[in-house]
Amino acid sequence: MRCSRVTNLTERVHRIDCGGMHVDLVATSSGTVRIGSMPDIAKFLVEHGFREEIVVVPDWEVSLAGDNRTGEEFVLWFAQTKGGLVKEYVGQRRNVEQLHYHLGRIFPYFFDAKRLSIVRKRWLDNWCRVNIAQPHYRKRDLEVRCDKGEIIVLDKGRVVYDRSEFTPVGTDDDIEALLATVPRDQAPRDCLEITPIGCGNGFNGIVANTLVRFDKYVIWIDPCGYPAHTLAEHDIHWDDITHFLFTHNHEDHIQGFTACLQRARKHRRRLRILAADSVFRLLDKVYSPLFPDLKDLVVVQSLVPGIPFELGPVTIESRWNHHILPYGTIGLKISAGGRCFGYSGDTKYDEVINNVLKREELTAAWFAHCDLVFHEIEFDNPDSVHSHWKQVELLQQAIQGKVLGYHTEYLEHSPFDLAEEGVRYLLDGNE
């Protein structure tokens, strides 16, 4: 889990900060009001014991740490799955409508009762209530004013929060100073080197993201939030990444997208993206309001499931997974130096379901030639949208390569071997 901290700004205002971003929490007679968002905010709220009812949505802003909208998808997942509160989202029309649109493209999708097809639920409006403040929002004794970038909260007529009075936590200069302390490593690799940076999910730990190196290529799968800080914990410099690969559009797999774009913009170099066309189209659609110049900031190389993609000496094969987004989610096989690494991506591996779907790429045979596989794993719920560990155990029995679980909470005495964050797994073709 990332290290966040809570500080008291006033008797009624607390601040949670992490990696150069922050949110403020205001105690009022109508409940706790949260100002803004940040990656992993749902985890931080739980960590520090806050349960907010009202969320003020500021103007959309981005820094080298991330943006202040990412975080809300898992706020709603937490509320729905763990008995949280319905959220009242307050702000100027363009802000709350943008946020609602963004969530509407992702949050409502789930499996049908048999876990065979994707359906759209009516969840969003059940858990996310949009309230336009132009310029005021009132609820009993609470008043929120949002006008010309200002955010002021009044309780019983008294100002208890004025955003302009509080200094931001960090700046991009702070992140540049951090990066100056991290050694560069651009040495070519002569064998596949796999480093899981995070093995968790949207509810636990650092979200699943992995670095794959071979020759001069450094591929970051599903970049996480706070990129400079998270990579630096493993002595990896952000600028050593050559390619950014996105498996799908769930928030816990695209946390770092906006921060990476911001760095590309700041340094006037283009981000090299590997993604299925449908995945990138949604990234473009959602984030273009924040980055009107997005198309000028990226070079997109399309991954087409079923067709190998050659990146110099590296071959990337992809498949369509069985997961809960209509835009598709992909699994991967990355081969180089005579070895192969498999990455399940988010998928529902279940042999009963596979027998019904009759899609060969979803079976264990797809990983038959892999020397190492990271497979998402779920311990507690066989009926979840993720792969239950007993099913992954069957997959391990069907292939020769080693399978390690990831995308799960860390269990010290796990019944299945788990990938370890920061460990460098070397696949040497000479062995």
# chains A, B, ... in the order shown; residues from 1 in each chain; ligands from 1
$ residues_around --residues "range 266-276 of chain A" --least-positions-apart "2" --cutoff "10 Å" --atoms "only C-alpha atoms" --output "PyMOL selection string"
chain A and resi 63-64+172+219-221+241-248+257+260-264+278-281+294-305+309+316+318-320+327-330
$ write_last_selection --atoms "N, CA and C atoms" --output "tab-separated table (two decimals), in the first residue's frame"
chain	number	residue	atom	x	y	z
A	63	SER	N	-1.00	17.04	-13.08
A	63	SER	CA	0.39	17.31	-12.76
A	63	SER	C	1.20	16.07	-13.10
A	64	LEU	N	2.49	16.08	-12.78
A	64	LEU	CA	3.32	14.90	-13.00
A	64	LEU	C	3.00	13.79	-12.01
A	172	ASP	N	5.46	20.13	-9.63
A	172	ASP	CA	6.22	19.32	-10.58
A	172	ASP	C	7.72	19.46	-10.34
A	219	ILE	N	9.07	-1.89	-21.46
A	219	ILE	CA	7.61	-1.80	-21.64
A	219	ILE	C	6.95	-1.78	-20.27
A	220	TRP	N	6.18	-0.74	-20.02
A	220	TRP	CA	5.45	-0.64	-18.74
A	220	TRP	C	3.99	-1.00	-18.99
A	221	ILE	N	3.57	-2.12	-18.45
A	221	ILE	CA	2.18	-2.59	-18.62
A	221	ILE	C	1.30	-1.93	-17.57
A	241	ILE	N	11.54	4.36	-19.34
A	241	ILE	CA	10.45	3.61	-20.00
A	241	ILE	C	10.40	4.01	-21.47
A	242	THR	N	10.37	3.01	-22.35
A	242	THR	CA	10.30	3.32	-23.79
A	242	THR	C	8.89	3.17	-24.34
A	243	HIS	N	8.07	2.29	-23.75
A	243	HIS	CA	6.72	2.02	-24.26
A	243	HIS	C	5.75	1.82	-23.10
A	244	PHE	N	4.52	2.30	-23.29
A	244	PHE	CA	3.48	2.21	-22.28
A	244	PHE	C	2.34	1.38	-22.85
A	245	LEU	N	2.08	0.23	-22.24
A	245	LEU	CA	1.08	-0.71	-22.76
A	245	LEU	C	-0.13	-0.72	-21.85
A	246	PHE	N	-1.31	-0.55	-22.43
A	246	PHE	CA	-2.56	-0.54	-21.66
A	246	PHE	C	-3.41	-1.75	-22.04
A	247	THR	N	-3.78	-2.55	-21.03
A	247	THR	CA	-4.58	-3.74	-21.30
A	247	THR	C	-6.06	-3.41	-21.42
A	248	HIS	N	-6.54	-2.43	-20.66
A	248	HIS	CA	-7.96	-2.04	-20.74
A	248	HIS	C	-8.18	-0.76	-19.96
A	257	PHE	N	-1.94	7.23	-16.67
A	257	PHE	CA	-2.01	7.73	-18.04
A	257	PHE	C	-1.84	9.24	-18.11
A	260	CYS	N	1.68	10.49	-17.23
A	260	CYS	CA	2.63	10.19	-18.31
A	260	CYS	C	2.43	11.14	-19.49
A	261	LEU	N	1.17	11.46	-19.81
A	261	LEU	CA	0.91	12.44	-20.86
A	261	LEU	C	1.46	13.81	-20.48
A	262	GLN	N	1.29	14.17	-19.22
A	262	GLN	CA	1.77	15.48	-18.78
A	262	GLN	C	3.29	15.57	-18.89
A	263	ARG	N	3.98	14.47	-18.60
A	263	ARG	CA	5.43	14.49	-18.75
A	263	ARG	C	5.82	14.59	-20.22
A	264	ALA	N	5.09	13.89	-21.09
A	264	ALA	CA	5.35	14.01	-22.52
A	264	ALA	C	5.16	15.45	-23.00
A	278	SER	N	-9.62	-0.23	-29.76
A	278	SER	CA	-10.80	0.14	-28.97
A	278	SER	C	-10.42	0.70	-27.61
A	279	VAL	N	-9.34	0.20	-27.04
A	279	VAL	CA	-8.86	0.71	-25.75
A	279	VAL	C	-8.35	2.14	-25.92
A	280	PHE	N	-7.56	2.39	-26.96
A	280	PHE	CA	-7.04	3.75	-27.13
A	280	PHE	C	-8.14	4.72	-27.51
A	281	ARG	N	-9.11	4.29	-28.31
A	281	ARG	CA	-10.20	5.21	-28.69
A	281	ARG	C	-10.91	5.74	-27.45
A	294	LEU	N	-3.87	15.83	-27.24
A	294	LEU	CA	-3.50	14.44	-26.95
A	294	LEU	C	-2.90	13.74	-28.17
A	295	LYS	N	-3.50	13.92	-29.32
A	295	LYS	CA	-3.01	13.22	-30.51
A	295	LYS	C	-1.58	13.64	-30.88
A	296	ASP	N	-1.17	14.85	-30.46
A	296	ASP	CA	0.19	15.31	-30.73
A	296	ASP	C	1.19	14.80	-29.69
A	297	LEU	N	0.68	14.21	-28.61
A	297	LEU	CA	1.54	13.77	-27.52
A	297	LEU	C	1.86	12.28	-27.58
A	298	VAL	N	1.23	11.55	-28.50
A	298	VAL	CA	1.36	10.10	-28.49
A	298	VAL	C	1.72	9.56	-29.87
A	299	VAL	N	2.39	8.42	-29.86
A	299	VAL	CA	2.54	7.57	-31.03
A	299	VAL	C	1.90	6.25	-30.64
A	300	VAL	N	0.82	5.90	-31.30
A	300	VAL	CA	0.07	4.70	-30.93
A	300	VAL	C	0.41	3.57	-31.89
A	301	GLN	N	0.80	2.44	-31.32
A	301	GLN	CA	1.06	1.24	-32.10
A	301	GLN	C	0.00	0.22	-31.69
A	302	SER	N	-0.79	-0.22	-32.65
A	302	SER	CA	-1.98	-1.02	-32.36
A	302	SER	C	-1.63	-2.48	-32.10
A	303	LEU	N	-2.21	-3.00	-31.04
A	303	LEU	CA	-2.17	-4.43	-30.78
A	303	LEU	C	-3.47	-5.04	-31.29
A	304	VAL	N	-3.35	-6.02	-32.17
A	304	VAL	CA	-4.52	-6.68	-32.75
A	304	VAL	C	-4.56	-8.11	-32.23
A	305	PRO	N	-5.51	-8.42	-31.35
A	305	PRO	CA	-5.56	-9.78	-30.82
A	305	PRO	C	-5.58	-10.84	-31.92
A	309	PHE	N	2.64	-8.88	-32.87
A	309	PHE	CA	3.18	-7.54	-33.10
A	309	PHE	C	4.68	-7.57	-32.82
A	316	ILE	N	5.02	-9.47	-29.37
A	316	ILE	CA	3.89	-9.36	-28.45
A	316	ILE	C	2.67	-9.98	-29.10
A	318	SER	N	-1.40	-10.96	-28.39
A	318	SER	CA	-2.49	-10.55	-27.51
A	318	SER	C	-3.75	-11.34	-27.83
A	319	ARG	N	-4.65	-11.36	-26.88
A	319	ARG	CA	-5.94	-12.04	-27.03
A	319	ARG	C	-7.01	-11.16	-26.40
A	320	TRP	N	-8.24	-11.37	-26.81
A	320	TRP	CA	-9.36	-10.74	-26.11
A	320	TRP	C	-9.69	-11.58	-24.89
A	327	TYR	N	-15.45	-2.57	-24.47
A	327	TYR	CA	-14.37	-2.11	-25.35
A	327	TYR	C	-13.25	-3.14	-25.45
A	328	GLY	N	-13.33	-4.17	-24.62
A	328	GLY	CA	-12.35	-5.24	-24.66
A	328	GLY	C	-11.24	-5.07	-23.64
A	329	THR	N	-10.72	-6.18	-23.17
A	329	THR	CA	-9.53	-6.22	-22.34
A	329	THR	C	-8.62	-7.30	-22.93
A	330	ILE	N	-7.31	-7.08	-22.85
A	330	ILE	CA	-6.41	-8.02	-23.52
A	330	ILE	C	-5.49	-8.73	-22.53
$ residues_around --residues "range 54-62 of chain A" --least-positions-apart "4" --cutoff "6 Å" --atoms "only C-alpha atoms" --output "PDB file with N, CA and C atoms, in the first residue's frame"
ATOM      1  N   VAL A  33     -17.428  16.680   3.674  1.00  0.00           N
ATOM      2  CA  VAL A  33     -17.320  17.139   2.296  1.00  0.00           C
ATOM      3  C   VAL A  33     -15.877  16.928   1.843  1.00  0.00           C
ATOM      4  N   ARG A  34     -15.704  16.235   0.719  1.00  0.00           N
ATOM      5  CA  ARG A  34     -14.358  16.044   0.160  1.00  0.00           C
ATOM      6  C   ARG A  34     -14.170  16.979  -1.024  1.00  0.00           C
ATOM      7  N   ILE A  35     -13.021  17.626  -1.077  1.00  0.00           N
ATOM      8  CA  ILE A  35     -12.699  18.536  -2.172  1.00  0.00           C
ATOM      9  C   ILE A  35     -11.690  17.838  -3.074  1.00  0.00           C
ATOM     10  N   GLY A  36     -12.103  17.483  -4.304  1.00  0.00           N
ATOM     11  CA  GLY A  36     -11.201  16.900  -5.273  1.00  0.00           C
ATOM     12  C   GLY A  36     -10.999  15.414  -5.107  1.00  0.00           C
ATOM     13  N   GLY A  66      -0.418  13.048 -11.354  1.00  0.00           N
ATOM     14  CA  GLY A  66      -1.703  12.512 -11.792  1.00  0.00           C
ATOM     15  C   GLY A  66      -2.731  13.612 -11.928  1.00  0.00           C
ATOM     16  N   ASP A  67      -4.008  13.226 -12.056  1.00  0.00           N
ATOM     17  CA  ASP A  67      -5.060  14.228 -12.219  1.00  0.00           C
ATOM     18  C   ASP A  67      -6.079  14.103 -11.089  1.00  0.00           C
ATOM     19  N   ASN A  68      -6.907  15.130 -10.935  1.00  0.00           N
ATOM     20  CA  ASN A  68      -7.827  15.198  -9.808  1.00  0.00           C
ATOM     21  C   ASN A  68      -9.240  14.705 -10.131  1.00  0.00           C
ATOM     22  N   LYS A  87     -22.932   9.043  -3.073  1.00  0.00           N
ATOM     23  CA  LYS A  87     -22.129  10.260  -3.167  1.00  0.00           C
ATOM     24  C   LYS A  87     -22.899  11.365  -3.895  1.00  0.00           C
ATOM     25  N   GLU A  88     -22.914  12.535  -3.283  1.00  0.00           N
ATOM     26  CA  GLU A  88     -23.453  13.729  -3.926  1.00  0.00           C
ATOM     27  C   GLU A  88     -22.273  14.480  -4.543  1.00  0.00           C
ATOM     28  N   TYR A  89     -22.238  14.527  -5.878  1.00  0.00           N
ATOM     29  CA  TYR A  89     -21.149  15.222  -6.567  1.00  0.00           C
ATOM     30  C   TYR A  89     -21.605  16.638  -6.907  1.00  0.00           C
ATOM     31  N   VAL A  90     -20.832  17.623  -6.452  1.00  0.00           N
ATOM     32  CA  VAL A  90     -21.212  19.029  -6.526  1.00  0.00           C
ATOM     33  C   VAL A  90     -20.151  19.791  -7.304  1.00  0.00           C
ATOM     34  N   GLY A  91     -20.602  20.685  -8.179  1.00  0.00           N
ATOM     35  CA  GLY A  91     -19.643  21.520  -8.892  1.00  0.00           C
ATOM     36  C   GLY A  91     -20.303  22.233 -10.048  1.00  0.00           C
TER      37      GLY A  91
END
$ select_by_dssp --residues "range 107-178 of chain A" --states "strand (DSSP E)" --output "PyMOL selection string"
chain A and resi 109-111+118-120+128-132+136-139+142-147+150-155+158-162
$ select_by_dssp --residues "range 107-265 of chain A" --states "alpha helix (DSSP H)" --output "JSON, numbers by chain"
{"A": [124, 125, 126, 127, 172, 173, 174, 175, 176, 177, 178, 179, 227, 228, 229, 230, 231, 232, 251, 252, 253, 254, 257, 258, 259, 260, 261, 262, 263, 264, 265]}
$ atom_distance --atom1 "CA of Phe111 in chain A" --atom2 "CA of Thr347 in chain A"
11.6 Å
$ residues_around --residues "Leu116 in chain A" --least-positions-apart "4" --cutoff "10 Å" --atoms "only C-alpha atoms" --output "list in words"
Phe111, Asp112, His322, His323, Ile324, Lys348, Ile353, Asn354, Val356 and Leu357 of chain A
$ write_last_selection --atoms "N, CA and C atoms" --output "PDB file, in the first residue's frame"
ATOM      1  N   PHE A 111     -20.951  -8.578 -15.573  1.00  0.00           N
ATOM      2  CA  PHE A 111     -21.388  -9.822 -16.200  1.00  0.00           C
ATOM      3  C   PHE A 111     -22.870 -10.061 -15.934  1.00  0.00           C
ATOM      4  N   ASP A 112     -23.481 -10.876 -16.799  1.00  0.00           N
ATOM      5  CA  ASP A 112     -24.825 -11.369 -16.496  1.00  0.00           C
ATOM      6  C   ASP A 112     -24.720 -12.421 -15.392  1.00  0.00           C
ATOM      7  N   HIS A 322     -11.940 -12.427 -21.221  1.00  0.00           N
ATOM      8  CA  HIS A 322     -13.343 -12.502 -20.809  1.00  0.00           C
ATOM      9  C   HIS A 322     -13.478 -11.657 -19.555  1.00  0.00           C
ATOM     10  N   HIS A 323     -13.877 -10.397 -19.755  1.00  0.00           N
ATOM     11  CA  HIS A 323     -13.944  -9.453 -18.638  1.00  0.00           C
ATOM     12  C   HIS A 323     -15.089  -8.483 -18.892  1.00  0.00           C
ATOM     13  N   ILE A 324     -15.252  -7.480 -18.024  1.00  0.00           N
ATOM     14  CA  ILE A 324     -16.521  -6.747 -17.969  1.00  0.00           C
ATOM     15  C   ILE A 324     -16.495  -5.367 -18.625  1.00  0.00           C
ATOM     16  N   LYS A 348     -11.814 -13.633 -16.595  1.00  0.00           N
ATOM     17  CA  LYS A 348     -12.509 -14.640 -15.788  1.00  0.00           C
ATOM     18  C   LYS A 348     -12.115 -15.999 -16.347  1.00  0.00           C
ATOM     19  N   ILE A 353     -16.981 -22.084 -17.733  1.00  0.00           N
ATOM     20  CA  ILE A 353     -17.330 -20.989 -18.643  1.00  0.00           C
ATOM     21  C   ILE A 353     -16.629 -21.166 -19.986  1.00  0.00           C
ATOM     22  N   ASN A 354     -15.363 -21.556 -19.963  1.00  0.00           N
ATOM     23  CA  ASN A 354     -14.625 -21.753 -21.210  1.00  0.00           C
ATOM     24  C   ASN A 354     -15.262 -22.831 -22.081  1.00  0.00           C
ATOM     25  N   VAL A 356     -18.341 -23.401 -22.333  1.00  0.00           N
ATOM     26  CA  VAL A 356     -19.530 -22.807 -22.957  1.00  0.00           C
ATOM     27  C   VAL A 356     -19.126 -21.828 -24.059  1.00  0.00           C
ATOM     28  N   LEU A 357     -18.147 -20.973 -23.764  1.00  0.00           N
ATOM     29  CA  LEU A 357     -17.736 -19.949 -24.727  1.00  0.00           C
ATOM     30  C   LEU A 357     -16.991 -20.532 -25.921  1.00  0.00           C
TER      31      LEU A 357
END
$ atom_distance --atom1 "CA of Asp174 in chain A" --atom2 "CA of Ala232 in chain A"
13.5 Å
$ residues_around --residues "Asp371 in chain A" --least-positions-apart "3" --cutoff "9 Å" --atoms "only C-alpha atoms" --output "PyMOL selection string"
chain A and resi 339-342+367-368+400-403+427
$ residues_around --residues "Gly312 in chain A" --least-positions-apart "4" --cutoff "12 Å" --atoms "only C-alpha atoms" --output "VMD selection string"
chain A and resid 214 to 218 316 335 to 337
$ residues_around --residues "Glu53 in chain A" --least-positions-apart "2" --cutoff "12 Å" --atoms "only C-alpha atoms" --output "ChimeraX atom specification"
/A:25-35,45,50-51,55-56,75-76,79,84-90,127-129,139
$ residues_around --residues "Glu378 in chain A" --least-positions-apart "6" --cutoff "12 Å" --atoms "only C-alpha atoms" --output "PyMOL selection string"
chain A and resi 200-201+204+346-350+384-393+405-411+414-416+418
$ write_last_selection --atoms "C-alpha atoms" --output "PDB file, in the first residue's frame"
ATOM      1  CA  GLY A 200      -2.661  -5.338  -6.022  1.00  0.00           C
ATOM      2  CA  ASN A 201      -5.978  -4.056  -7.365  1.00  0.00           C
ATOM      3  CA  ASN A 204      -5.867  -3.469  -2.008  1.00  0.00           C
ATOM      4  CA  ASP A 346      -8.067  -9.066 -16.144  1.00  0.00           C
ATOM      5  CA  THR A 347     -10.026 -12.128 -17.169  1.00  0.00           C
ATOM      6  CA  LYS A 348     -12.509 -14.640 -15.788  1.00  0.00           C
ATOM      7  CA  TYR A 349     -10.647 -17.919 -16.206  1.00  0.00           C
ATOM      8  CA  ASP A 350     -13.124 -20.679 -15.441  1.00  0.00           C
ATOM      9  CA  SER A 384     -16.484 -12.742  -8.928  1.00  0.00           C
ATOM     10  CA  VAL A 385     -15.489 -11.169 -12.250  1.00  0.00           C
ATOM     11  CA  HIS A 386     -11.921 -12.332 -11.659  1.00  0.00           C
ATOM     12  CA  SER A 387     -10.283 -15.766 -11.727  1.00  0.00           C
ATOM     13  CA  HIS A 388     -10.733 -17.819  -8.566  1.00  0.00           C
ATOM     14  CA  TRP A 389      -7.499 -19.330  -7.284  1.00  0.00           C
ATOM     15  CA  LYS A 390      -8.796 -22.897  -7.593  1.00  0.00           C
ATOM     16  CA  GLN A 391      -9.315 -22.324 -11.317  1.00  0.00           C
ATOM     17  CA  VAL A 392      -5.828 -20.815 -11.682  1.00  0.00           C
ATOM     18  CA  GLU A 393      -4.518 -23.892  -9.870  1.00  0.00           C
ATOM     19  CA  GLY A 405      -0.776 -14.896  -8.923  1.00  0.00           C
ATOM     20  CA  TYR A 406      -1.140 -11.122  -9.003  1.00  0.00           C
ATOM     21  CA  HIS A 407      -3.901  -8.468  -8.988  1.00  0.00           C
ATOM     22  CA  THR A 408      -4.864  -9.531  -5.474  1.00  0.00           C
ATOM     23  CA  GLU A 409      -4.313  -8.645  -1.863  1.00  0.00           C
ATOM     24  CA  TYR A 410      -1.032  -9.938  -0.520  1.00  0.00           C
ATOM     25  CA  LEU A 411      -1.376 -13.029   1.692  1.00  0.00           C
ATOM     26  CA  SER A 414      -1.099 -17.699   0.328  1.00  0.00           C
ATOM     27  CA  PRO A 415      -2.350 -21.100  -0.899  1.00  0.00           C
ATOM     28  CA  PHE A 416      -1.014 -20.133  -4.344  1.00  0.00           C
ATOM     29  CA  LEU A 418       2.248 -14.931  -5.744  1.00  0.00           C
TER      30      LEU A 418
END
